[in-house]
$ cat upload13.pdb   # PDB, C-alpha atoms, pLDDT in the B column
ATOM      1  CA  MET U   1      31.489 -77.018  94.659  1.00 91.00           C
ATOM      2  CA  LEU U   2      29.466 -78.318  91.754  1.00 91.00           C
ATOM      3  CA  ILE U   3      31.100 -81.404  90.288  1.00 94.00           C
ATOM      4  CA  LEU U   4      30.273 -82.591  86.786  1.00 93.00           C
ATOM      5  CA  THR U   5      31.604 -85.401  84.637  1.00 94.00           C
ATOM      6  CA  ARG U   6      32.266 -84.564  81.008  1.00 94.00           C
ATOM      7  CA  LYS U   7      33.740 -86.389  78.056  1.00 95.00           C
ATOM      8  CA  LEU U   8      36.435 -84.940  75.859  1.00 95.00           C
ATOM      9  CA  GLY U   9      34.892 -82.594  73.334  1.00 95.00           C
ATOM     10  CA  GLU U  10      32.031 -81.763  75.663  1.00 96.00           C
ATOM     11  CA  SER U  11      31.530 -78.392  77.257  1.00 96.00           C
ATOM     12  CA  ILE U  12      30.041 -76.657  80.189  1.00 96.00           C
ATOM     13  CA  ALA U  13      28.392 -73.268  80.101  1.00 96.00           C
ATOM     14  CA  ILE U  14      28.717 -70.692  82.849  1.00 95.00           C
ATOM     15  CA  GLY U  15      26.050 -68.067  82.556  1.00 94.00           C
ATOM     16  CA  ASP U  16      25.047 -67.066  79.058  1.00 94.00           C
ATOM     17  CA  ASP U  17      28.443 -65.987  77.821  1.00 94.00           C
ATOM     18  CA  ILE U  18      31.080 -68.393  79.049  1.00 96.00           C
ATOM     19  CA  LYS U  19      31.766 -71.807  77.596  1.00 97.00           C
ATOM     20  CA  ILE U  20      34.515 -74.188  78.639  1.00 96.00           C
ATOM     21  CA  THR U  21      35.347 -77.124  76.379  1.00 97.00           C
ATOM     22  CA  PHE U  22      37.471 -80.096  77.410  1.00 96.00           C
ATOM     23  CA  LEU U  23      39.709 -80.658  74.440  1.00 96.00           C
ATOM     24  CA  GLU U  24      42.410 -83.176  75.123  1.00 95.00           C
ATOM     25  CA  MET U  25      43.852 -85.341  77.841  1.00 93.00           C
ATOM     26  CA  THR U  26      47.549 -86.228  77.779  1.00 95.00           C
ATOM     27  CA  GLY U  27      48.644 -88.166  80.838  1.00 95.00           C
ATOM     28  CA  LYS U  28      47.728 -85.898  83.722  1.00 94.00           C
ATOM     29  CA  GLN U  29      47.433 -82.825  81.556  1.00 95.00           C
ATOM     30  CA  LEU U  30      44.103 -81.528  80.454  1.00 94.00           C
ATOM     31  CA  ARG U  31      43.723 -79.018  77.658  1.00 96.00           C
ATOM     32  CA  ILE U  32      40.674 -76.863  77.872  1.00 96.00           C
ATOM     33  CA  GLY U  33      39.304 -74.141  75.675  1.00 96.00           C
ATOM     34  CA  ILE U  34      37.583 -71.123  77.127  1.00 96.00           C
ATOM     35  CA  GLU U  35      35.185 -68.837  75.324  1.00 96.00           C
ATOM     36  CA  ALA U  36      34.324 -65.735  77.298  1.00 93.00           C
ATOM     37  CA  PRO U  37      33.479 -62.101  76.592  1.00 89.00           C
ATOM     38  CA  ARG U  38      36.519 -59.876  76.248  1.00 80.00           C
ATOM     39  CA  ASN U  39      35.720 -58.064  79.458  1.00 78.00           C
ATOM     40  CA  VAL U  40      35.998 -61.263  81.494  1.00 84.00           C
ATOM     41  CA  SER U  41      39.533 -61.923  82.638  1.00 83.00           C
ATOM     42  CA  VAL U  42      40.749 -65.486  82.450  1.00 87.00           C
ATOM     43  CA  HIS U  43      43.959 -66.506  84.162  1.00 89.00           C
ATOM     44  CA  ARG U  44      45.486 -69.589  85.680  1.00 90.00           C
ATOM     45  CA  ALA U  45      44.516 -69.549  89.349  1.00 91.00           C
ATOM     46  CA  GLU U  46      48.150 -69.742  90.501  1.00 93.00           C
ATOM     47  CA  ILE U  47      48.800 -66.248  89.193  1.00 94.00           C
ATOM     48  CA  TYR U  48      46.297 -64.791  91.654  1.00 94.00           C
ATOM     49  CA  GLN U  49      48.025 -66.593  94.499  1.00 95.00           C
ATOM     50  CA  ALA U  50      51.475 -65.475  93.342  1.00 96.00           C
ATOM     51  CA  ILE U  51      50.418 -61.845  92.980  1.00 96.00           C
ATOM     52  CA  GLN U  52      48.689 -61.861  96.325  1.00 96.00           C
ATOM     53  CA  GLU U  53      51.810 -63.248  98.013  1.00 96.00           C
ATOM     54  CA  GLN U  54      53.927 -60.622  96.266  1.00 96.00           C
ATOM     55  CA  ASN U  55      51.579 -57.869  97.445  1.00 96.00           C
ATOM     56  CA  VAL U  56      51.802 -59.099 101.011  1.00 95.00           C
ATOM     57  CA  GLN U  57      55.595 -59.125 100.850  1.00 93.00           C
ATOM     58  CA  ALA U  58      55.624 -55.685  99.283  1.00 93.00           C
ATOM     59  CA  SER U  59      53.392 -54.248 101.993  1.00 91.00           C
ATOM     60  CA  ALA U  60      56.015 -55.306 104.520  1.00 83.00           C
ATOM     61  CA  SER U  61      58.700 -53.201 102.819  1.00 74.00           C
ATOM     62  CA  ASP U  62      59.831 -50.939 105.600  1.00 69.00           C
ATOM     63  CA  ILE U  63      62.702 -48.968 104.215  1.00 71.00           C
ATOM     64  CA  ARG U  64      63.533 -45.380 103.499  1.00 71.00           C
ATOM     65  CA  ILE U  65      62.863 -44.484  99.903  1.00 70.00           C
ATOM     66  CA  ALA U  66      66.187 -42.662  99.882  1.00 69.00           C
ATOM     67  CA  ASP U  67      67.981 -45.899 100.746  1.00 73.00           C
ATOM     68  CA  ILE U  68      66.351 -47.801  97.928  1.00 72.00           C
ATOM     69  CA  TRP U  69      67.045 -45.025  95.494  1.00 71.00           C
ATOM     70  CA  GLU U  70      70.682 -44.852  96.513  1.00 74.00           C
ATOM     71  CA  LYS U  71      71.019 -48.567  95.767  1.00 71.00           C
ATOM     72  CA  LEU U  72      69.262 -48.178  92.458  1.00 69.00           C
ATOM     73  CA  THR U  73      71.414 -45.347  91.225  1.00 70.00           C
ATOM     74  CA  GLN U  74      74.799 -46.710  92.337  1.00 69.00           C
ATOM     75  CA  ARG U  75      76.770 -47.586  89.237  1.00 59.00           C
TER      76      ARG U  75
ATOM     77  CA  MET J   1      40.894 -34.641 106.151  1.00 88.00           C
ATOM     78  CA  GLU J   2      43.532 -36.063 108.428  1.00 90.00           C
ATOM     79  CA  ILE J   3      44.796 -39.601 108.042  1.00 90.00           C
ATOM     80  CA  ASP J   4      46.954 -41.767 110.269  1.00 90.00           C
ATOM     81  CA  THR J   5      49.965 -43.497 108.827  1.00 89.00           C
ATOM     82  CA  THR J   6      52.395 -45.790 110.594  1.00 88.00           C
ATOM     83  CA  ARG J   7      55.388 -44.610 108.578  1.00 84.00           C
ATOM     84  CA  PHE J   8      54.678 -40.890 108.296  1.00 83.00           C
ATOM     85  CA  GLY J   9      52.510 -40.061 111.294  1.00 86.00           C
ATOM     86  CA  LYS J  10      49.420 -37.941 110.848  1.00 89.00           C
ATOM     87  CA  ILE J  11      49.022 -36.312 107.455  1.00 88.00           C
ATOM     88  CA  ARG J  12      46.504 -33.801 106.189  1.00 88.00           C
ATOM     89  CA  ILE J  13      45.258 -34.519 102.717  1.00 88.00           C
ATOM     90  CA  LYS J  14      42.522 -33.153 100.512  1.00 88.00           C
ATOM     91  CA  GLU J  15      39.727 -35.491  99.589  1.00 88.00           C
ATOM     92  CA  SER J  16      40.517 -34.679  95.970  1.00 88.00           C
ATOM     93  CA  GLU J  17      43.881 -36.381  96.465  1.00 88.00           C
ATOM     94  CA  LEU J  18      42.330 -39.727  97.283  1.00 92.00           C
ATOM     95  CA  ILE J  19      42.634 -42.596  94.847  1.00 93.00           C
ATOM     96  CA  GLY J  20      39.638 -44.914  94.952  1.00 95.00           C
ATOM     97  CA  MET J  21      40.100 -48.632  94.334  1.00 95.00           C
ATOM     98  CA  ARG J  22      37.420 -49.797  91.918  1.00 93.00           C
ATOM     99  CA  GLY J  23      38.943 -53.218  91.743  1.00 86.00           C
ATOM    100  CA  ARG J  24      41.079 -54.778  94.383  1.00 88.00           C
ATOM    101  CA  ILE J  25      44.705 -55.000  95.239  1.00 94.00           C
ATOM    102  CA  LEU J  26      44.898 -58.783  95.625  1.00 95.00           C
ATOM    103  CA  GLY J  27      45.030 -59.676  99.300  1.00 95.00           C
ATOM    104  CA  PHE J  28      43.999 -56.147 100.290  1.00 95.00           C
ATOM    105  CA  GLU J  29      40.380 -56.208  99.219  1.00 93.00           C
ATOM    106  CA  ASN J  30      39.235 -54.105 102.169  1.00 92.00           C
ATOM    107  CA  HIS J  31      41.452 -51.182 101.239  1.00 94.00           C
ATOM    108  CA  LYS J  32      39.380 -48.911  99.064  1.00 94.00           C
ATOM    109  CA  ARG J  33      41.113 -45.538  99.441  1.00 95.00           C
ATOM    110  CA  PHE J  34      44.756 -44.706  98.922  1.00 94.00           C
ATOM    111  CA  VAL J  35      46.913 -41.634  98.588  1.00 92.00           C
ATOM    112  CA  LEU J  36      50.302 -41.199  96.918  1.00 89.00           C
ATOM    113  CA  LEU J  37      53.035 -39.857  99.165  1.00 86.00           C
ATOM    114  CA  THR J  38      56.688 -39.194  98.881  1.00 75.00           C
ATOM    115  CA  ALA J  39      59.271 -37.585 101.062  1.00 62.00           C
ATOM    116  CA  GLU J  40      61.909 -37.422  98.384  1.00 62.00           C
ATOM    117  CA  GLU J  41      61.498 -34.820  95.691  1.00 61.00           C
ATOM    118  CA  ASN J  42      64.001 -36.359  93.356  1.00 65.00           C
ATOM    119  CA  THR J  43      63.219 -40.031  93.351  1.00 70.00           C
ATOM    120  CA  PRO J  44      60.606 -41.682  91.205  1.00 76.00           C
ATOM    121  CA  LEU J  45      59.607 -43.918  94.098  1.00 82.00           C
ATOM    122  CA  TRP J  46      56.378 -43.189  95.895  1.00 87.00           C
ATOM    123  CA  TRP J  47      54.361 -44.673  98.701  1.00 88.00           C
ATOM    124  CA  LEU J  48      50.844 -45.779  97.889  1.00 92.00           C
ATOM    125  CA  GLN J  49      49.427 -45.368 101.364  1.00 92.00           C
ATOM    126  CA  SER J  50      46.158 -46.951 102.440  1.00 94.00           C
ATOM    127  CA  VAL J  51      43.795 -44.461 104.001  1.00 94.00           C
ATOM    128  CA  ASP J  52      41.856 -47.300 105.588  1.00 91.00           C
ATOM    129  CA  ASP J  53      44.788 -48.820 107.486  1.00 93.00           C
ATOM    130  CA  PRO J  54      47.733 -46.745 108.736  1.00 93.00           C
ATOM    131  CA  ALA J  55      50.117 -49.704 108.497  1.00 92.00           C
ATOM    132  CA  ILE J  56      49.533 -50.557 104.847  1.00 93.00           C
ATOM    133  CA  ALA J  57      51.600 -48.804 102.203  1.00 92.00           C
ATOM    134  CA  PHE J  58      53.291 -49.997  99.043  1.00 94.00           C
ATOM    135  CA  VAL J  59      56.401 -48.608  97.414  1.00 91.00           C
ATOM    136  CA  VAL J  60      55.475 -47.888  93.799  1.00 92.00           C
ATOM    137  CA  ILE J  61      57.345 -46.735  90.724  1.00 90.00           C
ATOM    138  CA  ASN J  62      56.550 -45.813  87.145  1.00 87.00           C
ATOM    139  CA  PRO J  63      57.335 -49.129  85.443  1.00 90.00           C
ATOM    140  CA  ARG J  64      58.854 -47.367  82.421  1.00 87.00           C
ATOM    141  CA  ILE J  65      61.722 -46.288  84.627  1.00 85.00           C
ATOM    142  CA  VAL J  66      62.772 -49.855  85.340  1.00 87.00           C
ATOM    143  CA  LYS J  67      61.594 -51.232  81.999  1.00 88.00           C
ATOM    144  CA  PRO J  68      61.675 -48.475  79.368  1.00 86.00           C
ATOM    145  CA  ASP J  69      59.927 -50.551  76.690  1.00 88.00           C
ATOM    146  CA  TYR J  70      57.066 -51.438  79.026  1.00 91.00           C
ATOM    147  CA  ALA J  71      53.895 -51.225  76.954  1.00 90.00           C
ATOM    148  CA  PRO J  72      51.386 -53.738  78.204  1.00 92.00           C
ATOM    149  CA  ALA J  73      48.018 -54.319  76.602  1.00 90.00           C
ATOM    150  CA  ILE J  74      45.262 -53.415  79.035  1.00 90.00           C
ATOM    151  CA  SER J  75      42.095 -55.457  78.717  1.00 88.00           C
ATOM    152  CA  GLU J  76      38.844 -53.843  77.646  1.00 86.00           C
ATOM    153  CA  GLY J  77      37.217 -55.000  80.838  1.00 88.00           C
ATOM    154  CA  ASP J  78      39.736 -53.146  82.969  1.00 91.00           C
ATOM    155  CA  LEU J  79      39.439 -49.979  80.890  1.00 92.00           C
ATOM    156  CA  GLU J  80      35.658 -50.170  81.174  1.00 91.00           C
ATOM    157  CA  LEU J  81      35.712 -50.732  84.900  1.00 91.00           C
ATOM    158  CA  LEU J  82      37.757 -47.575  85.417  1.00 93.00           C
ATOM    159  CA  ASP J  83      35.811 -45.708  82.718  1.00 93.00           C
ATOM    160  CA  ILE J  84      39.025 -44.887  80.860  1.00 91.00           C
ATOM    161  CA  GLN J  85      38.184 -43.242  77.533  1.00 90.00           C
ATOM    162  CA  ARG J  86      41.521 -41.835  76.417  1.00 88.00           C
ATOM    163  CA  THR J  87      45.097 -43.040  76.738  1.00 86.00           C
ATOM    164  CA  GLU J  88      46.065 -39.742  78.373  1.00 85.00           C
ATOM    165  CA  GLU J  89      43.958 -40.775  81.335  1.00 87.00           C
ATOM    166  CA  ILE J  90      46.066 -43.855  81.972  1.00 90.00           C
ATOM    167  CA  ALA J  91      48.769 -44.105  84.587  1.00 90.00           C
ATOM    168  CA  LEU J  92      50.491 -47.308  85.583  1.00 93.00           C
ATOM    169  CA  LEU J  93      52.415 -47.947  88.763  1.00 93.00           C
ATOM    170  CA  SER J  94      54.379 -51.055  89.651  1.00 95.00           C
ATOM    171  CA  ILE J  95      54.490 -52.251  93.223  1.00 96.00           C
ATOM    172  CA  VAL J  96      58.070 -52.601  94.423  1.00 93.00           C
ATOM    173  CA  THR J  97      59.124 -55.227  96.937  1.00 93.00           C
ATOM    174  CA  VAL J  98      62.286 -54.477  98.838  1.00 87.00           C
ATOM    175  CA  ARG J  99      64.248 -56.937 100.906  1.00 81.00           C
ATOM    176  CA  SER J 100      67.081 -55.739 103.061  1.00 74.00           C
ATOM    177  CA  ALA J 101      69.334 -58.743 103.552  1.00 70.00           C
ATOM    178  CA  PRO J 102      70.589 -59.269 100.963  1.00 74.00           C
ATOM    179  CA  VAL J 103      69.404 -56.087  99.314  1.00 76.00           C
ATOM    180  CA  ARG J 104      66.993 -56.930  96.567  1.00 82.00           C
ATOM    181  CA  ALA J 105      64.325 -54.855  94.911  1.00 88.00           C
ATOM    182  CA  THR J 106      61.781 -56.220  92.495  1.00 92.00           C
ATOM    183  CA  ALA J 107      58.995 -54.525  90.596  1.00 95.00           C
ATOM    184  CA  ASN J 108      55.774 -56.332  89.811  1.00 97.00           C
ATOM    185  CA  LEU J 109      55.402 -55.782  86.070  1.00 96.00           C
ATOM    186  CA  ARG J 110      52.726 -58.456  85.673  1.00 96.00           C
ATOM    187  CA  ALA J 111      50.157 -56.866  87.942  1.00 97.00           C
ATOM    188  CA  PRO J 112      50.488 -53.082  87.790  1.00 96.00           C
ATOM    189  CA  ILE J 113      48.139 -50.616  89.418  1.00 96.00           C
ATOM    190  CA  LEU J 114      46.087 -49.062  86.632  1.00 95.00           C
ATOM    191  CA  ILE J 115      44.817 -45.568  87.385  1.00 93.00           C
ATOM    192  CA  ASN J 116      42.278 -43.366  85.675  1.00 93.00           C
ATOM    193  CA  THR J 117      44.054 -40.091  86.394  1.00 90.00           C
ATOM    194  CA  ALA J 118      40.994 -37.983  85.618  1.00 91.00           C
ATOM    195  CA  LYS J 119      38.657 -39.776  87.990  1.00 92.00           C
ATOM    196  CA  ARG J 120      41.408 -41.056  90.318  1.00 93.00           C
ATOM    197  CA  TRP J 121      40.028 -44.572  90.171  1.00 94.00           C
ATOM    198  CA  ALA J 122      42.381 -47.515  90.288  1.00 95.00           C
ATOM    199  CA  LYS J 123      42.688 -51.252  90.312  1.00 95.00           C
ATOM    200  CA  GLN J 124      45.438 -53.831  90.205  1.00 96.00           C
ATOM    201  CA  VAL J 125      45.253 -55.494  86.806  1.00 95.00           C
ATOM    202  CA  ILE J 126      46.649 -58.858  85.813  1.00 94.00           C
ATOM    203  CA  LEU J 127      48.231 -58.690  82.377  1.00 92.00           C
ATOM    204  CA  ASP J 128      47.728 -61.482  79.889  1.00 85.00           C
ATOM    205  CA  ASP J 129      51.330 -61.057  78.749  1.00 82.00           C
ATOM    206  CA  SER J 130      53.308 -63.548  80.799  1.00 81.00           C
ATOM    207  CA  ASP J 131      56.585 -62.046  79.553  1.00 89.00           C
ATOM    208  CA  TYR J 132      56.189 -59.424  82.253  1.00 95.00           C
ATOM    209  CA  PRO J 133      57.362 -60.970  85.516  1.00 95.00           C
ATOM    210  CA  ILE J 134      55.892 -60.587  88.974  1.00 96.00           C
ATOM    211  CA  GLN J 135      59.436 -60.135  90.228  1.00 95.00           C
ATOM    212  CA  HIS J 136      61.405 -57.949  87.821  1.00 94.00           C
ATOM    213  CA  ASP J 137      64.844 -57.603  89.386  1.00 91.00           C
ATOM    214  CA  ILE J 138      65.420 -53.863  89.490  1.00 87.00           C
ATOM    215  CA  LEU J 139      68.972 -53.882  90.785  1.00 80.00           C
ATOM    216  CA  GLY J 140      70.043 -56.547  88.318  1.00 77.00           C
ATOM    217  CA  ASN J 141      68.728 -54.478  85.417  1.00 75.00           C
ATOM    218  CA  LYS J 142      69.995 -51.092  86.482  1.00 70.00           C
ATOM    219  CA  ALA J 143      71.545 -50.526  83.079  1.00 64.00           C
ATOM    220  CA  ASP J 144      68.026 -50.161  81.677  1.00 66.00           C
ATOM    221  CA  PHE J 145      67.217 -47.251  83.921  1.00 64.00           C
ATOM    222  CA  LYS J 146      65.713 -44.137  82.487  1.00 58.00           C
ATOM    223  CA  ILE J 147      66.680 -41.823  85.291  1.00 53.00           C
ATOM    224  CA  GLY J 148      65.535 -38.881  83.218  1.00 46.00           C
ATOM    225  CA  LEU J 149      61.969 -39.895  83.915  1.00 43.00           C
ATOM    226  CA  SER J 150      62.548 -39.591  87.603  1.00 40.00           C
ATOM    227  CA  ALA J 151      61.254 -36.081  87.982  1.00 39.00           C
ATOM    228  CA  LYS J 152      57.884 -37.040  86.553  1.00 43.00           C
ATOM    229  CA  GLU J 153      55.134 -37.421  89.036  1.00 51.00           C
ATOM    230  CA  PRO J 154      53.139 -40.599  88.784  1.00 55.00           C
ATOM    231  CA  LEU J 155      49.894 -38.912  87.912  1.00 56.00           C
ATOM    232  CA  GLY J 156      51.422 -36.014  86.012  1.00 47.00           C
ATOM    233  CA  GLY J 157      49.668 -32.691  85.710  1.00 37.00           C
ATOM    234  CA  ASN J 158      48.866 -30.439  88.609  1.00 32.00           C
ATOM    235  CA  ARG J 159      50.868 -32.033  91.321  1.00 36.00           C
ATOM    236  CA  PRO J 160      48.225 -34.172  92.968  1.00 35.00           C
ATOM    237  CA  ASP J 161      50.836 -35.846  95.104  1.00 43.00           C
ATOM    238  CA  ARG J 162      52.664 -34.519  98.052  1.00 45.00           C
ATOM    239  CA  VAL J 163      56.032 -34.227  99.587  1.00 41.00           C
ATOM    240  CA  HIS J 164      55.707 -34.749 103.255  1.00 42.00           C
ATOM    241  CA  PRO J 165      58.634 -33.296 105.151  1.00 33.00           C
ATOM    242  CA  SER J 166      58.120 -35.032 108.466  1.00 32.00           C
ATOM    243  CA  SER J 167      58.201 -38.530 107.055  1.00 33.00           C
ATOM    244  CA  PRO J 168      61.027 -40.818 108.140  1.00 33.00           C
ATOM    245  CA  ALA J 169      62.309 -40.950 104.599  1.00 33.00           C
ATOM    246  CA  ALA J 170      63.108 -37.259 104.734  1.00 29.00           C
ATOM    247  CA  GLY J 171      65.770 -38.188 107.275  1.00 26.00           C
TER     248      GLY J 171
END

$ encode --input "upload13.pdb" --output "structure tokens"
Amino acid sequence: MLILTRKLGESIAIGDDIKITFLEMTGKQLRIGIEAPRNVSVHRAEIYQAIQEQNVQASASDIRIADIWEKLTQR
Amino acid sequence: MEIDTTRFGKIRIKESELIGMRGRILGFENHKRFVLLTAEENTPLWWLQSVDDPAIAFVVINPRIVKPDYAPAISEGDLELLDIQRTEEIALLSIVTVRSAPVRATANLRAPILINTAKRWAKQVILDDSDYPIQHDILGNKADFKIGLSAKEPLGGNRPDRVHPSSPAAG
């Protein structure tokens, strides 16, 4: 991992199109601004982990569709 | 071609029925080919079965059935990756997680499977809109159900998906 030290207000560039600016530090919280092309997806990393875990759980669903559907349509 | 599945045994499918993953299903990066299966004519739930691993299949549902006002913005990058030109080419499926004890079913509305129905290319997208949860409680929101949508096939049109009579779900 490349490790850089930056001051608030300074930026780093990733490739030609992506710029990350370190805006504000409040206690342990860091606000950053990200400029990237619209076709680059930017998400908090936790969301990838959460979705991956959900996918793994979902792939373990071993149930008859009819049983799920019966539960869903019971009023 | 014939494929092996853990849940449904051996199944014959046409290559034209394959759905190719252009992006990844997170955690299942090696699975590049899927097929949609169901054993139940009258439910809107389908299995998205991996062709590359007999054991891997996801229960999927049209998210509008569990969340009728579902209208997420799809990013340009995702549309480009799947070469989607027109909205009619878009299909969305939510992965459903089912737990048996206690019975709980959730739909992942935050990371639906986006499909180009013309090319049969797909990827799992991550929506920017954090109002759509990863675990949308289906049973707890049953009142929202649009059962009338249930007869619709996920990819619409000329029945690209199959009913497989020998599957366990056919009972």

$ resolve_selection --input "upload13.pdb" --expression "the ChimeraX specification (/U :<6) & /J" --output "list in words"
Leu26, Gly27, Ala57, Phe58, Glu76, Gly77, Thr97, Val98, Leu139 and Ala169 of chain J

$ atom_distance --input "upload13.pdb" --atom1 "CA of Lys119 in chain J" --atom2 "CA of Thr43 in chain J"
25.1 Å

$ closest_residue --input "upload13.pdb" --among "J:Leu37, J:Ile126, J:Leu82, J:Leu45" --to "Ile11 in chain J" --atoms "all atoms listed in the file"
J:Leu37

$ residues_around --input "upload13.pdb" --residues "Leu30 in chain U" --least-positions-apart "6" --cutoff "12 Å" --atoms "all atoms listed in the file" --output "number ranges by chain"
U: 7-9, 21-24

$ resolve_selection --input "upload13.pdb" --expression "the PyMOL selection byres ((chain J and resi 90-93) around 10)" --output "ChimeraX atom specification"
/J:45-46,48,59-64,72,79,82,84-89,94-96,107-109,111-118,120,122-125,154-156

$ write_last_selection --input "upload13.pdb" --atoms "C-alpha atoms" --output "PDB file, in the coordinates of the input"
ATOM      1  CA  LEU J  45      59.607 -43.918  94.098  1.00 82.00           C
ATOM      2  CA  TRP J  46      56.378 -43.189  95.895  1.00 87.00           C
ATOM      3  CA  LEU J  48      50.844 -45.779  97.889  1.00 92.00           C
ATOM      4  CA  VAL J  59      56.401 -48.608  97.414  1.00 91.00           C
ATOM      5  CA  VAL J  60      55.475 -47.888  93.799  1.00 92.00           C
ATOM      6  CA  ILE J  61      57.345 -46.735  90.724  1.00 90.00           C
ATOM      7  CA  ASN J  62      56.550 -45.813  87.145  1.00 87.00           C
ATOM      8  CA  PRO J  63      57.335 -49.129  85.443  1.00 90.00           C
ATOM      9  CA  ARG J  64      58.854 -47.367  82.421  1.00 87.00           C
ATOM     10  CA  PRO J  72      51.386 -53.738  78.204  1.00 92.00           C
ATOM     11  CA  LEU J  79      39.439 -49.979  80.890  1.00 92.00           C
ATOM     12  CA  LEU J  82      37.757 -47.575  85.417  1.00 93.00           C
ATOM     13  CA  ILE J  84      39.025 -44.887  80.860  1.00 91.00           C
ATOM     14  CA  GLN J  85      38.184 -43.242  77.533  1.00 90.00           C
ATOM     15  CA  ARG J  86      41.521 -41.835  76.417  1.00 88.00           C
ATOM     16  CA  THR J  87      45.097 -43.040  76.738  1.00 86.00           C
ATOM     17  CA  GLU J  88      46.065 -39.742  78.373  1.00 85.00           C
ATOM     18  CA  GLU J  89      43.958 -40.775  81.335  1.00 87.00           C
ATOM     19  CA  SER J  94      54.379 -51.055  89.651  1.00 95.00           C
ATOM     20  CA  ILE J  95      54.490 -52.251  93.223  1.00 96.00           C
ATOM     21  CA  VAL J  96      58.070 -52.601  94.423  1.00 93.00           C
ATOM     22  CA  ALA J 107      58.995 -54.525  90.596  1.00 95.00           C
ATOM     23  CA  ASN J 108      55.774 -56.332  89.811  1.00 97.00           C
ATOM     24  CA  LEU J 109      55.402 -55.782  86.070  1.00 96.00           C
ATOM     25  CA  ALA J 111      50.157 -56.866  87.942  1.00 97.00           C
ATOM     26  CA  PRO J 112      50.488 -53.082  87.790  1.00 96.00           C
ATOM     27  CA  ILE J 113      48.139 -50.616  89.418  1.00 96.00           C
ATOM     28  CA  LEU J 114      46.087 -49.062  86.632  1.00 95.00           C
ATOM     29  CA  ILE J 115      44.817 -45.568  87.385  1.00 93.00           C
ATOM     30  CA  ASN J 116      42.278 -43.366  85.675  1.00 93.00           C
ATOM     31  CA  THR J 117      44.054 -40.091  86.394  1.00 90.00           C
ATOM     32  CA  ALA J 118      40.994 -37.983  85.618  1.00 91.00           C
ATOM     33  CA  ARG J 120      41.408 -41.056  90.318  1.00 93.00           C
ATOM     34  CA  ALA J 122      42.381 -47.515  90.288  1.00 95.00           C
ATOM     35  CA  LYS J 123      42.688 -51.252  90.312  1.00 95.00           C
ATOM     36  CA  GLN J 124      45.438 -53.831  90.205  1.00 96.00           C
ATOM     37  CA  VAL J 125      45.253 -55.494  86.806  1.00 95.00           C
ATOM     38  CA  PRO J 154      53.139 -40.599  88.784  1.00 55.00           C
ATOM     39  CA  LEU J 155      49.894 -38.912  87.912  1.00 56.00           C
ATOM     40  CA  GLY J 156      51.422 -36.014  86.012  1.00 47.00           C
TER      41      GLY J 156
END

$ closest_residue --input "upload13.pdb" --among "J:Trp121, J:Lys67, J:Ile56, J:Ser100" --to "Leu18 in chain J" --atoms "all atoms listed in the file"
J:Trp121

$ atom_distance --input "upload13.pdb" --atom1 "CA of Asp129 in chain J" --atom2 "CA of Arg33 in chain J"
27.8 Å

$ atom_distance --input "upload13.pdb" --atom1 "CA of Ser11 in chain U" --atom2 "CA of Lys28 in chain U"
19.0 Å

$ resolve_selection --input "upload13.pdb" --expression "the PyMOL selection byres ((chain U and resi 13) around 12)" --output "MDAnalysis selection string"
chainID U and resid 4 6 10:12 14:22 33:36
